[in-house]
Structures are given as C-alpha cells and as structure tokens.
Amino acid sequence: MRRIPLLLAACCFSAAAWGQKPPLLPEKDVAALANELSGETAKRNLEGLARFHRQRGSQGFHAAAELVAERLRAYGLSDVAILQFPADGKIFYGTQRSRPAWDAESAELWEVFPDVITCDEAAGKKPMTEAEQQKAHPGVGVACDVMVDRDIRLLASQEAEPIVLAEDSESADVKSELVDVGEGTKESDYAGKDVKGKIVLVSAQPGAVQNLAVGRFGAVGIVSYAQNQKTAWWGEDENLIRWGHLETFSGNKTFAFMVSLKRATSMKEWLAKGKGHEIRLHAKVKAGQHPGNYEVVTATIPGADPKLKFEEIAFSCHLDHQRPGANDNASGCVTILEVARTLQKLISEGKLARPGRTIRFIFPPEIEGTLALLNAKIVYQRDVRQGNGIMVTGVIADSTNFGQELTKRIKAVVHMDMVGGGPETKAVFHVTRGPMSLPSFVHDVAWAFAEFVNEESYKFAATGEAKYPMVAPEGGKEPLRAEYSAYTMGSDHDVYQDSSFGIPAIYLNDWPDRYIHTNFDTAANIDPTKLKRAAFIGAASGYFLANFSIEDVPPADGAIVTGRLLRTAPVIQRRVESIPADFGVLESNSIRYEHGILDSIDAFAPGLGRELSTDWAKTIDDLVGVRATGPEARGVGKTIFHRSKEPRGPLAVFGYDYFTEHAKAAGVATPKLLSYEGLWGSGEEYGYEVLNFADGKRNAQEIRDAVSAEYGPVPLEMVVEYLRALEKIGVVEQVK
C-alpha cells in the first residue's frame, strides 16, 4: 500500500490540530507573545525612523542607528553597540567593494526663464514694473540693461523630498538646456541630438545612462523619470517619484534629479513642439562621496545554557533607505525591534524562560553591511552608552577570524524586509524558503507559525471570534493570508545563505508593493496589525529555534511533513512543464532536497536528522513519485569544482559587480548563463546557485541538474562555461 494517503491524513490532522491549539511552542508561551507584541509600538518607532534619509554612511543613517541603539538600551538588551567598518571605495569585504559614504547637504532644480536686469536693479534699487521702465527709459532701453536667467519655478527640492536627488550625485551649479533622449541607454538615443554641456531627460535609471550621456556625449547632468518596479500598478500613479542611483564607481561623476512621470510628460510634450519651446534648468547641488563607515547596530539577549549560549539565532533587517522608506525597510527594522522588546520583557518578568541559545539583533546597511559584518577582521565600536558619538580608542575585536567566528555562532537567521504593507500597498506577505543549495527545516518552523496566524486571523475576520486574532487596536482586521513561497533573491538573506556562510535564513517579506522605492512609501500605508503578526511569526520562530533540543524533534518533524506536502505540488506541476529528459532530474533533486531538510536538524540536535532521513526516505520517494535519476555525467560533465575560501559572499552585491570587474581584468567574456531565461528563473538566480552548488562533491552535470530542477532546464555547456569563468577569476578551483 502506498503511504501517501496516510501522510495526507496526518498533514490534515496536524493543520486541524493547529486550529485548536498553537504549533511547536507551549500555549502559555504563544499567549504571552500574542498579548505583549504591539503593532502600535512598532509603528511609533517606524514613524521615528521614517524621518531620516538613511543612505549608507550618511548623517541620516547614523541618526537612525542612534535611535535604534537608544531603543535597544531602553528595552534592556545586552551588548548594545554600533559597530563600524571603514568604507572608502578601496577596502573589500569579501565580494563587496566598500562604497564611500555619501551625504547630501542641499539640492534644488529650478526652471529658468530669460529676463532683463534694468539699470535700477543693477544700482541696487527697487526693481521697476514694466510700466515704470517704459516711462523712465522709453524706447530700446539703456546700455546697462542685461539679459539673464531667472529661477522662476522650483521643480525639485532635496530638503522637501530627499528622494529627488539620485544617490551618489556630486556637487554642481549648472544652468543649461534640457534635451530629451528617450531611454538614454543606447547610442541611437542620442543620434542627431547635441547634448554636450546640456542636461539630458531620460526614462532609465541615472546609473544606466551616466557613462554614455556624460562620459561619451558630454552631458553635464541628468533628469530621470524612471518608474517603479513593474507590477500590475506600474505607471498608474503619475505622481510617484522613484528612488534613483548613479554608479558609485563610475569615473563620469555627475548629478541626477528624479521627477515624476507627470512632470516628465509635461516636459517631453513641450520639448516636442520644437524651436522656441526650449527648457532651461538651473541645478544646484551640494553633495558627494567621502570616506566613512558602514555602521551596524547590534544587541543580544544572552542564552542561559552553558554550552548553547555560544550559539546564536539572529534577527536581521536593513536599516538604510531613502526617506521615508517606511515599508522598505523601516517596517522590518521596527518589527525585529519589537521582537527584541517583547522577548526581553517577557524573559525579565519570568513569563518566558531564558532561551538556551543567545538571540542577536542586527541592523545593517542592506547587503553591504551584512557582508562587512561577516567578513570583518577589525571591528570598531562607537560609544553608545554615553550617546556622545566618541570613538572607542581601541578595537573591540582584532582577529582575522572575527567574521568567521560570528558565522559559526549563528545557526539561523530571521530576516525581515518589508513586512508592514497595509491594503493600500497591495502587498502579499510571504514566508520565503531558502535556496535548494541549502535545505533547512527552519523554514517549515516559520511556516507552522504563519499558517497558525492565517487560520486564526481568517477565523476572526469571518466570524468575529478567535482565540488569537493578532489584531492591533489601531490596525486592520483583514486575514493575513501569508504565502509559503519558493526562494526569491533581493535582500540580506542572499548573503547569509550564500555557500561562503551557509546560514539558513527565514525571509519574511511583502511583494508586490505598489509604492516600493518611491516618495509614497510612507508610514500612513503601514498597518499595525500586519506588524504585530509579522513580529509574532518571527518571535515564535526565533524563540523556538533558540531553545531547540532533542525534545523538539517530533513536533518539528510534523512541521516538516506539512512543508513537504506543500513543496510536492509544485514539483508535480513542474514535471508537466519540464522536458521529458529532465523528469528524473526534477524528481531526484527534489528528493535530495527533502533529505537535506531532515539532515539540517543535526545542526541543532546532532544525529537526529540523519536518523529521521532513514525513517522517512521511502515516504519521500513515494510522495514525489520518483521514477528515474538524472543522466550519467560524461566528458566535461565529470569536472568537479569547489569554491575558493576567498572571496566570501555572493557575486551580485550592492553598487559593485565583482564578477564583471574581475572578468574584464582577466579577459573573460560574459558567460551566456548570466542572461539565460529559464522556465522558473533567470540568469542571476542560475549564477547564484551554480556557485553555491560548487561544493567539491557535485560534478558539473550534477550542478547543471540541480539548478535545472530549481529554475528550469539549462544546457550543460552554459553551466560549464560559467564555472570556467569563475575559475579564471579565482572564485572556484577545479578538483583534480
């Protein structure tokens, strides 16, 4: 008899049981968390963070870091610190070339019109009206009359909306004509147009056009109306201004202003009328890069177990963003801040036992700050106890192993990036699994709590009654409807789960959000109920993992079974979409992944995962319906690669492309894999996982099969070409 019906029944029974009582944790612990967590407290902190323009290394980021550190101290956490990592454009942290700090003092974009300065104005007297001028100076006027440009209409002000100035803009004081060059990313966009010494109007991001417009054709500045990430609501609101970026390391330094689609359309229509319909602009910018520091706020709740306290469960977010940056990502930061407050308070009051493992909270600049933290050798600490901004004279760590030691301590991460979007944002909340290269049961733990919140919040919305509705007094009453989603890239969870570090990360996130990276990403769109629910899922997951021991294996196994069933349905669907030659590849790699999830328990309870793998092996095989394995490796497919010890980190980082720069220096052409479009993924995702799977055990054929199972069939030759390119730039080595 096949065991699938029994498994399905077990899963359904488990889900029904969770409808009666919470999963994994004792109900008293769940009740304590649900009662203490406050969406309103989180939102008040969010309103504070959203006041700051939080660019890397900037005064605004430091102010936000000080606010977070002050709250952590007030909440009673231990080891509160603002760690500093020098960033000057030369220092590398693994694959991240440190980007110099960037600050903007002021920036204005004016539309100017020609006018006349009369003799009276030149002499400092009160300007005459036109009638007075004609009476005093009939006819042509006098010799001292001068034609000038007057600033008559303010189009953009950095003081009012910091988002209008593109990141990495440089100081300028320029008056010039505006020229529409369309997208601005191709030489053909400039055909027949004289842009030398002028400002170009473009639809692309400033960084995508700067080398061509400024470096090749001599433009002096950029005005961009790049729109938001394309969703169903793309282009719908013409008043949105998108966050813009110039290339940090471009030799063609310039400035760029961001304007709305509505403003740009008006400009384009006027310019299209031809001669006599010119637009002249006056750009005044005081901004620029300078040597500075990545700052990372951190604090802990020390563990109680004499041995396990040296292991850590980390909560992560990213603190940097333009103002207001409410959902992205003040929401994630204030939610883990609320988790910190709640856990510390409940532990101090004796309502929760102190966890065996230490719980750490981390607030870095996105991706680059996390890479600095995990690669750090020398770490500085700002004196936050006095709040006086004085650098400690010594270093708090001077060890070539600092980042590596921290990596070893962290067993799992709960990462939050955009978790508070209310109905206006159109957001869908995701509990996102890790990549197939790093199987882990921690994602099933998070989903167990998310499913519990789904059920309780839906019950409350549908009937008005539920034991744990997780509703904030100032928030909405809609059900959560969280989704258990396959791995997607785009935040610090990519860094933790990169094979250099191998730390499984629970990723809680909203997508889509119609206002991401725009001036409309405001606190008004954030729902306190959503913040409370995200905080509960994160707090319950992190606390459970911080206490995880042998006794927790049976309930965790139940969560894994449920997760396995949810993962199996897409495998069956993908079998229909895939090609016949890869049916076995899809099934065998799915089974390998499920076995890996059971094995991952060993990191918390040594030996138990392997035992479970043996018990459940036949069940998994039956469930997936395995019929075949992948093709036998031949020729270049037998080649084995392993990742080099350095550099550590993913190759797609912030503001710097490690692969492109080093490939160019080595004379390596861009591999076809990086632009490949698969059935379920694209080039960057294939590249990320090919590198992760290069573990010194899998051969090239097996790596090809693994990424094909994850993102869709891909030619072996493309995978080998990419691995050879990585070998030439020193990222991987061939196993002889």
# chains A, B, ... in the order shown; residues from 1 in each chain; ligands from 1

$ residues_around --residues "Thr425 in chain A" --least-positions-apart "6" --cutoff "9 Å" --atoms "only C-alpha atoms" --output "ChimeraX atom specification"
/A:512-516,521,525-526

$ select_by_dssp --residues "range 209-374 of chain A" --states "strand (DSSP E or B)" --output "VMD selection string"
chain A and resid 221 to 224 242 245 256 to 258 280 to 290 292 to 301 312 to 316 321 358 to 363

$ atom_distance --atom1 "CA of Val714 in chain A" --atom2 "CA of Lys728 in chain A"
21.9 Å

$ atom_distance --atom1 "CA of Ala314 in chain A" --atom2 "CA of Ser437 in chain A"
20.6 Å

$ residues_around --residues "Gly182 in chain A" --least-positions-apart "3" --cutoff "7 Å" --atoms "only C-alpha atoms" --output "PyMOL selection string"
chain A and resi 189+202-203

$ residues_around --residues "range 364-381 of chain A" --least-positions-apart "5" --cutoff "9 Å" --atoms "only C-alpha atoms" --output "number ranges by chain"
A: 54-57, 61, 65, 81-86, 92-99, 294-298, 316-321, 391-407, 491-496, 501, 648-649, 653-655

$ closest_residue --among "A:Pro504, A:Glu710, A:Arg698, A:Thr300" --to "Ala486 in chain A" --atoms "only C-alpha atoms"
A:Glu710

$ atom_distance --atom1 "CA of Lys286 in chain A" --atom2 "CA of Ser171 in chain A"
4.5 Å

$ residues_around --residues "Ser457 in chain A" --least-positions-apart "5" --cutoff "8 Å" --atoms "only C-alpha atoms" --output "list in words"
Ala466, Tyr468, Pro469, Met470, Val471, Lys477, Glu478, Pro479 and Leu480 of chain A

$ closest_residue --among "A:Asp552, A:Ala633, A:Val339, A:Ile359" --to "Asp79 in chain A" --atoms "only C-alpha atoms"
A:Ile359

$ closest_atom_pairs --of "range 85-108 of chain A" --to "range 250-260 of chain A" --cutoff "12 Å" --atoms "only C-alpha atoms" --output "Markdown table"
| residue | atom | partner | partner_atom | distance |
| --- | --- | --- | --- | --- |
| A:Gly89 | CA | A:Ser250 | CA | 11.5 |
| A:Arg99 | CA | A:Ser250 | CA | 11.8 |
| A:Ala104 | CA | A:Phe255 | CA | 11.2 |
| A:Ala107 | CA | A:Phe257 | CA | 8.9 |
| A:Glu108 | CA | A:Phe257 | CA | 8.8 |

$ residues_around --residues "Glu474 in chain A" --least-positions-apart "6" --cutoff "9 Å" --atoms "only C-alpha atoms" --output "list in words"
Gly39, Glu40, Asp527, Pro528 and Thr529 of chain A

$ write_last_selection --atoms "all heavy atoms" --output "PDB file, in the first residue's frame"
ATOM      1  N   GLY A  39       1.674  46.175  17.739  1.00  0.00           N
ATOM      2  CA  GLY A  39       1.817  46.811  16.432  1.00  0.00           C
ATOM      3  C   GLY A  39       1.925  48.315  16.539  1.00  0.00           C
ATOM      4  O   GLY A  39       2.593  48.969  15.729  1.00  0.00           O
ATOM      5  N   GLU A  40       1.282  48.892  17.550  1.00  0.00           N
ATOM      6  CA  GLU A  40       1.325  50.348  17.733  1.00  0.00           C
ATOM      7  C   GLU A  40       2.723  50.804  18.154  1.00  0.00           C
ATOM      8  O   GLU A  40       3.240  51.805  17.644  1.00  0.00           O
ATOM      9  CB  GLU A  40       0.300  50.783  18.785  1.00  0.00           C
ATOM     10  CG  GLU A  40      -1.130  50.805  18.278  1.00  0.00           C
ATOM     11  CD  GLU A  40      -1.735  49.425  18.126  1.00  0.00           C
ATOM     12  OE1 GLU A  40      -1.236  48.478  18.780  1.00  0.00           O
ATOM     13  OE2 GLU A  40      -2.708  49.276  17.362  1.00  0.00           O
ATOM     14  N   ASP A 527       0.352  49.076   8.338  1.00  0.00           N
ATOM     15  CA  ASP A 527      -0.721  48.548   9.172  1.00  0.00           C
ATOM     16  C   ASP A 527      -0.148  47.955  10.463  1.00  0.00           C
ATOM     17  O   ASP A 527       0.615  46.980  10.413  1.00  0.00           O
ATOM     18  CB  ASP A 527      -1.468  47.472   8.387  1.00  0.00           C
ATOM     19  CG  ASP A 527      -2.602  46.836   9.177  1.00  0.00           C
ATOM     20  OD1 ASP A 527      -2.975  47.390  10.228  1.00  0.00           O
ATOM     21  OD2 ASP A 527      -3.104  45.780   8.737  1.00  0.00           O
ATOM     22  N   PRO A 528      -0.507  48.508  11.634  1.00  0.00           N
ATOM     23  CA  PRO A 528      -0.012  47.954  12.899  1.00  0.00           C
ATOM     24  C   PRO A 528      -0.365  46.480  13.098  1.00  0.00           C
ATOM     25  O   PRO A 528       0.402  45.733  13.718  1.00  0.00           O
ATOM     26  CB  PRO A 528      -0.684  48.841  13.954  1.00  0.00           C
ATOM     27  CG  PRO A 528      -0.962  50.126  13.255  1.00  0.00           C
ATOM     28  CD  PRO A 528      -1.297  49.732  11.845  1.00  0.00           C
ATOM     29  N   THR A 529      -1.512  46.055  12.589  1.00  0.00           N
ATOM     30  CA  THR A 529      -1.874  44.641  12.704  1.00  0.00           C
ATOM     31  C   THR A 529      -0.876  43.768  11.949  1.00  0.00           C
ATOM     32  O   THR A 529      -0.455  42.711  12.434  1.00  0.00           O
ATOM     33  CB  THR A 529      -3.305  44.408  12.167  1.00  0.00           C
ATOM     34  OG1 THR A 529      -4.238  45.019  13.060  1.00  0.00           O
ATOM     35  CG2 THR A 529      -3.619  42.924  12.041  1.00  0.00           C
TER      36      THR A 529
END

$ closest_residue --among "A:Ile313, A:Leu72, A:Ala669, A:Met489" --to "Gly356 in chain A" --atoms "only C-alpha atoms"
A:Ile313

$ select_by_dssp --residues "range 269-490 of chain A" --states "helix (DSSP H, G or I)" --output "number ranges by chain"
A: 269-271, 308-310, 326-348, 368-375, 402-409, 423-425, 442-463

$ residues_around --residues "Ala535 in chain A" --least-positions-apart "2" --cutoff "10 Å" --atoms "only C-alpha atoms" --output "ChimeraX atom specification"
/A:33-34,37-39,42,332,334-340,342,416,419-420,508,529-533,537-541

$ decode --residues "range 41-84 of chain A" --atoms "N, CA and C atoms" --output "CSV table (one decimal), in the first residue's frame"
chain,number,residue,atom,x,y,z
A,41,THR,N,3.4,50.1,19.1
A,41,THR,CA,4.7,50.4,19.5
A,41,THR,C,5.7,50.3,18.3
A,42,ALA,N,5.5,49.3,17.5
A,42,ALA,CA,6.3,49.2,16.3
A,42,ALA,C,6.1,50.3,15.4
A,43,LYS,N,4.9,50.7,15.2
A,43,LYS,CA,4.6,51.8,14.2
A,43,LYS,C,5.1,53.1,14.7
A,44,ARG,N,5.1,53.4,16.1
A,44,ARG,CA,5.6,54.6,16.6
A,44,ARG,C,7.1,54.7,16.3
A,45,ASN,N,7.8,53.6,16.5
A,45,ASN,CA,9.2,53.5,16.2
A,45,ASN,C,9.4,53.7,14.7
A,46,LEU,N,8.5,53.2,13.9
A,46,LEU,CA,8.7,53.4,12.4
A,46,LEU,C,8.5,54.8,12.0
A,47,GLU,N,7.6,55.5,12.6
A,47,GLU,CA,7.4,57.0,12.3
A,47,GLU,C,8.7,57.7,12.7
A,48,GLY,N,9.4,57.3,13.7
A,48,GLY,CA,10.7,57.9,14.0
A,48,GLY,C,11.7,57.7,13.0
A,49,LEU,N,11.9,56.4,12.5
A,49,LEU,CA,12.9,56.1,11.5
A,49,LEU,C,12.6,56.7,10.2
A,50,ALA,N,11.3,56.8,9.8
A,50,ALA,CA,11.0,57.4,8.5
A,50,ALA,C,11.3,58.8,8.4
A,51,ARG,N,11.7,59.5,9.4
A,51,ARG,CA,12.1,60.9,9.4
A,51,ARG,C,13.5,61.1,8.8
A,52,PHE,N,14.3,60.0,8.8
A,52,PHE,CA,15.7,60.1,8.4
A,52,PHE,C,15.9,59.6,6.9
A,53,HIS,N,16.8,60.3,6.2
A,53,HIS,CA,17.2,59.9,4.9
A,53,HIS,C,18.4,59.0,5.1
A,54,ARG,N,18.2,57.7,5.1
A,54,ARG,CA,19.2,56.8,5.7
A,54,ARG,C,20.1,56.2,4.6
A,55,GLN,N,20.9,57.0,4.0
A,55,GLN,CA,21.8,56.5,3.0
A,55,GLN,C,23.1,56.0,3.7
A,56,ARG,N,23.8,55.0,3.0
A,56,ARG,CA,24.9,54.4,3.6
A,56,ARG,C,26.0,55.4,4.1
A,57,GLY,N,26.4,55.3,5.3
A,57,GLY,CA,27.5,56.1,5.8
A,57,GLY,C,27.1,57.6,6.1
A,58,SER,N,25.8,57.9,5.9
A,58,SER,CA,25.4,59.3,6.0
A,58,SER,C,25.0,59.7,7.4
A,59,GLN,N,24.9,61.1,7.6
A,59,GLN,CA,24.5,61.6,8.8
A,59,GLN,C,23.1,61.1,9.2
A,60,GLY,N,22.2,60.9,8.2
A,60,GLY,CA,20.9,60.4,8.4
A,60,GLY,C,20.9,59.0,8.8
A,61,PHE,N,21.8,58.2,8.3
A,61,PHE,CA,21.9,56.8,8.7
A,61,PHE,C,22.3,56.7,10.1
A,62,HIS,N,23.3,57.5,10.5
A,62,HIS,CA,23.8,57.5,11.8
A,62,HIS,C,22.8,57.9,12.8
A,63,ALA,N,22.0,58.9,12.5
A,63,ALA,CA,20.9,59.3,13.4
A,63,ALA,C,19.9,58.2,13.6
A,64,ALA,N,19.6,57.4,12.5
A,64,ALA,CA,18.7,56.3,12.6
A,64,ALA,C,19.3,55.2,13.5
A,65,ALA,N,20.6,55.0,13.3
A,65,ALA,CA,21.3,54.0,14.1
A,65,ALA,C,21.3,54.3,15.6
A,66,GLU,N,21.5,55.6,15.9
A,66,GLU,CA,21.4,56.1,17.3
A,66,GLU,C,20.0,55.9,17.9
A,67,LEU,N,19.0,56.1,17.1
A,67,LEU,CA,17.7,55.9,17.6
A,67,LEU,C,17.4,54.5,17.9
A,68,VAL,N,17.8,53.6,17.0
A,68,VAL,CA,17.6,52.1,17.3
A,68,VAL,C,18.4,51.7,18.5
A,69,ALA,N,19.7,52.1,18.6
A,69,ALA,CA,20.5,51.8,19.8
A,69,ALA,C,19.9,52.3,21.1
A,70,GLU,N,19.4,53.5,21.0
A,70,GLU,CA,18.7,54.1,22.2
A,70,GLU,C,17.5,53.2,22.6
A,71,ARG,N,16.7,52.8,21.7
A,71,ARG,CA,15.6,52.0,22.0
A,71,ARG,C,16.0,50.6,22.6
A,72,LEU,N,17.0,50.0,22.0
A,72,LEU,CA,17.5,48.7,22.5
A,72,LEU,C,18.0,48.8,23.9
A,73,ARG,N,18.7,49.9,24.2
A,73,ARG,CA,19.2,50.2,25.6
A,73,ARG,C,18.0,50.3,26.5
A,74,ALA,N,17.0,51.1,26.1
A,74,ALA,CA,15.8,51.4,26.9
A,74,ALA,C,15.0,50.1,27.2
A,75,TYR,N,15.0,49.2,26.2
A,75,TYR,CA,14.3,47.9,26.4
A,75,TYR,C,15.1,46.9,27.2
A,76,GLY,N,16.3,47.2,27.6
A,76,GLY,CA,17.1,46.4,28.5
A,76,GLY,C,17.9,45.3,27.9
A,77,LEU,N,18.2,45.4,26.6
A,77,LEU,CA,19.0,44.4,25.9
A,77,LEU,C,20.5,44.5,26.3
A,78,SER,N,21.2,43.5,26.1
A,78,SER,CA,22.7,43.4,26.4
A,78,SER,C,23.5,43.7,25.2
A,79,ASP,N,24.7,44.1,25.4
A,79,ASP,CA,25.8,44.3,24.4
A,79,ASP,C,25.3,45.2,23.3
A,80,VAL,N,24.6,46.2,23.6
A,80,VAL,CA,24.2,47.2,22.6
A,80,VAL,C,25.4,47.9,22.0
A,81,ALA,N,25.5,47.9,20.7
A,81,ALA,CA,26.7,48.6,20.1
A,81,ALA,C,26.4,49.0,18.7
A,82,ILE,N,27.1,50.1,18.3
A,82,ILE,CA,27.1,50.4,16.8
A,82,ILE,C,28.5,50.1,16.3
A,83,LEU,N,28.6,49.0,15.6
A,83,LEU,CA,29.8,48.5,15.1
A,83,LEU,C,30.2,49.3,13.8
A,84,GLN,N,31.4,49.6,13.6
A,84,GLN,CA,31.8,50.4,12.5
A,84,GLN,C,32.9,49.7,11.6
